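This report refers to the structure that appears directly beneath it.
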Amino acid sequence: MGLTIAQKIIKAHMVSGEMTVGSDIGLKIDQTLTQDATGTMAYLEFEAMGVPRVKTEKSVAYIDHNTLQTGFENADDHRFIQSVAKKHGIWYSRPGNGICHQVHLERFGIPGKTLIGSDSHTPTGGGIGMLAMGAGGLDVAVAMGGGPYYISMPKMLRVNLTGKLRPWVSAKDIILKVLQMLSVKGGVGKIVEYAGEGVKTLTVPERATITNMGAELGATTSIFPSDEITKAFLKAQGREKDWIELSSDPDAVYDEEITVNLSELEPLAACPHSPDNVKSLSDVGPIKVDQVCIGSCTNSSYLDLMRVAAILKGKTVHPDVSLSIAPGSKQVYNMLAKNGALADIIAAGARILECACGPCIGMGQSPNSAGVSLRTFNRNFEGRSGTADGQIYLVSPETAAVSAITGVLTDPRTLGEPVSIPMPESFLINDNMVSAPETAEKMDTVEILRGPNIKEFPSSSPLQETITAKALLKVGDNITTDHIMPAGAKILPFRSNIPYLSNFCFSVCDTEFPARCKEYGPSIIVGGQNYGQGSSREHAALVPLYLGVKAVLVKSFARIHCANLANAGILPLVFKNEEDYSKIDQMDDLELPGIRKAIEEGGDVIVRDVTKGIDIPAEAILSKRQREMVLAGGLLNYTREQNG
Ligand code: MIC
Ligand code: SF4
């Protein structure tokens, strides 16, 4: 039987398990990446493992999230990461060099290799045929130490692309269409592979927009073939030698298949507050726009920003609109500066931001109260922009740019003749903002620079015989990690300070939750479908751990968050019967009798609602390895146990 592209890469990297759907497989990881908002924690965890030098082919530490230096915290974390990188054989991309996923695609990604990153949009690398996955920081630390990365063998979903995009319709509209068809949980447990004649009409940056935002489907990852277009891209990056051809076998078997006819697509928008709340621009109507933000790891490539510049050229941003633009990388920024496109953008009145995540993660540029903000980003979760009632719409760069001029949501097709921007034959290559790791001889002399904001991460203890806890929080479906552990300019600088962060846990939906945890002690969170969707931040597990959360009982989980809970030693449980969700109320007294034995034996779990006097059957979503990990009190304890 033939193999899909992902199955070929998995087969070449599998160190344990079987390639049957649902089996726990261990993969050898070739490359890792971290960013600074998750990196400090990941490197503290790496240090705790006592491995002197990373064992991967390439590990890169990026500084791109926490670049608003409103106090000493971020700058201290940057210095810490820089020194750790130097000492342990990690490449270091300095602040200003760009967003991790954009830079990794340009300079480091290699078709056919495995990559995990402590950021959920790591699948951007799928745009050049990498098997690239988001993971918790602890999993990345283990991979840097040479350990495998474990996933449940995913199903294969083929997205068959037919036809060709019409003028002014873009890659963003393709992934928005897929999100409309599949929803934010439609990709859970699946790898999304793009195939069909439409593939060859898409450039690498367009493919990367699609695989990047595949994270919003909840997919394990997304991947494109590596073909002549990939080769031309790598050649233009001076990396032709990194290219290999990769395609699925003609008789490869997919578990599911959908078709998107590119010729029929029209410009779309994801409406507040979910990336799958997708409508056509005509259905949304010409709503008044207060803000437009162009950038993020989804849509800030050279081609994206050249199209934006062409639309803005000779025009002025509407007087009622604030337009901000953040180029994805120094390479992009520099090329725009050299060819004059930056001058067109500046002349039109755009506010140019540094090459970083910026407004995408609420680091500045929060919109006005109830303001409508069009963004080329990938997430529009409630409150993520930093304005609680902000109305965020996700659109293509073309839609964003034309709407910035008209002041209302505008279909770019009204612009008439399309702009045609050719793919450059060579990109401007200057890696002077990436530092190579120290040589083996010199690394011992490197001093690690630790600022006062870096606090110990919380420790967990082995699983108790019986858990007695209160249901201190009950939430609904599609709870994001931005609900569990919000980010934004006021909180993000404290990513290495769990005690401080804990004051903001669930503050988007229930500001009293941390206080209740302090008052009542051990707790269980009850939730609905797709709990923990969104980012890879392990803080969404470490902070609840710090607050005394022992288990999370939900209808279903998002992949990375579920793994992060187990890594932290918190029990991820699902209802056997979803209707039991309605039987538990917030503040009920709960008990998990004989839980340690149940996990040891891999048996069913009983959740006793003492207040209601009922037993509710549940199941632990854990592989054998994860069960051992939870019994030991999390991955760090487990690794220590394994190492004697
Ligand atoms: C995000 O887009 O939500 C982030 C910020 O990049 C996160 C990582 C983090 O929370 O630091 C992600 O996507 O994993
Ligand atoms: Fe940064 Fe936004 Fe991309 Fe996350 S989604 S990596 S915050 S640009």
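By order in the structure tokens, chains are A, B, ...; within a chain, residues start at 1; ligands start at 1, following the order shown.
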
Using only C-alpha atoms and all ligand atoms, find each residue of chain A with at least one atom at most 7 Å away from an atom of ligand 2; report its shortest atom-to-atom pair and that distance in Å (one decimal), sort the rows by chain and rising residue number, and return the result as a tab-separated table.
```
residue	atom	partner	partner_atom_place_in_ligand_line	distance
A:His65	CA	ligand 2	1 (Fe)	6.0
A:Ile99	CA	ligand 2	1 (Fe)	6.4
A:Cys100	CA	ligand 2	6 (S)	6.9
A:His101	CA	ligand 2	6 (S)	6.9
A:Asp119	CA	ligand 2	6 (S)	6.4
A:His121	CA	ligand 2	6 (S)	6.0
A:Ser296	CA	ligand 2	8 (S)	3.7
A:Cys297	CA	ligand 2	3 (Fe)	4.2
A:Thr298	CA	ligand 2	3 (Fe)	6.6
A:Ala356	CA	ligand 2	8 (S)	6.9
A:Cys357	CA	ligand 2	8 (S)	4.0
A:Cys360	CA	ligand 2	2 (Fe)	4.4
A:Ile361	CA	ligand 2	7 (S)	4.5
A:Phe377	CA	ligand 2	2 (Fe)	6.7
A:Asn378	CA	ligand 2	5 (S)	6.0
A:Arg379	CA	ligand 2	5 (S)	6.9
```

Selection: 8 Å around A:Leu281, only C-alpha atoms, excl. self and same-chain fewer than 6 positions, as a VMD selection string: chain A and resid 267 to 269 409 to 411

Selection within 9 Å of ligand 1 by only C-alpha atoms and all ligand atoms, output as a ChimeraX atom specification: /A:35-39,65-66,117-122,134-136,215,296-297,357,360-361,378-379,384,481-482,485-488,492,495,534-540

Show which residues sit within 10 Å of A:Gly98, as a list in words. Count only C-alpha atoms, and ignore same-chain residues fewer than 6 positions away.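 Non-adjacent residues within range: Tyr62, Ile63, Asp64, His65, His104, Ser296, Cys297, Ala326, Pro327, Gly328, Ser329, Lys330, Gln331, Val332, Tyr333, Glu354, Cys355, Ala356, Cys357 and Met433 of chain A.
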
May I have the residues within 8 Å of stretch 445-459 of chain A as number ranges by chain, using only C-alpha atoms and disregarding those fewer than 4 positions away in the same chain? A: 41, 73, 76-77, 79-80, 83-84, 86-87, 494, 496-498, 542, 545-546

Could you tell me, as number ranges by chain, which residues of stretch 371-611 of chain A DSSP assigns to alpha helix (DSSP H) when given the backbone? A: 397-406, 481-484, 498-501, 513-520, 539-546, 559-568, 595-601

Neighbours of A:Trp168 within 8 Å (only C-alpha atoms; same-chain residues fewer than 5 positions away dropped), as a PyMOL selection string? chain A and resi 267+398+412-413+418

Got time to write the residues from that selection, C-alpha atoms, as an mmCIF file, in the first residue's frame?
```
data_model
loop_
_atom_site.group_PDB
_atom_site.id
_atom_site.type_symbol
_atom_site.label_atom_id
_atom_site.label_comp_id
_atom_site.auth_asym_id
_atom_site.auth_seq_id
_atom_site.Cartn_x
_atom_site.Cartn_y
_atom_site.Cartn_z
ATOM 1 C CA PRO A 267 -12.664 36.791 -0.510
ATOM 2 C CA GLU A 398 -5.473 42.368 -0.013
ATOM 3 C CA PRO A 412 -10.415 43.766 -3.156
ATOM 4 C CA ARG A 413 -11.948 42.715 -6.473
ATOM 5 C CA PRO A 418 -4.925 42.661 -10.413
#
```

Would you write out, as a Markdown table, a table of all residues in stretch 94-152 of chain A that have an atom no more than 10 Å from an atom of stretch 225-228 of chain A, listing for each the closest atom pair and the distance in Å to one decimal, considering only C-alpha atoms and ordering rows by chain and rising residue number?
```
| residue | atom | partner | partner_atom | distance |
| --- | --- | --- | --- | --- |
| A:Ile110 | CA | A:Ser226 | CA | 9.7 |
| A:Pro111 | CA | A:Ser226 | CA | 6.4 |
| A:Gly112 | CA | A:Ser226 | CA | 8.3 |
| A:Gly126 | CA | A:Pro225 | CA | 8.5 |
| A:Gly127 | CA | A:Pro225 | CA | 8.0 |
| A:Ile128 | CA | A:Ser226 | CA | 5.7 |
| A:Gly129 | CA | A:Ser226 | CA | 5.1 |
| A:Met130 | CA | A:Ser226 | CA | 8.6 |
```

Minimum-distance residue to A:Gly26, chosen among A:Pro52, A:Gly349, A:Pro148, A:Gly198 (using only C-alpha atoms): A:Pro148
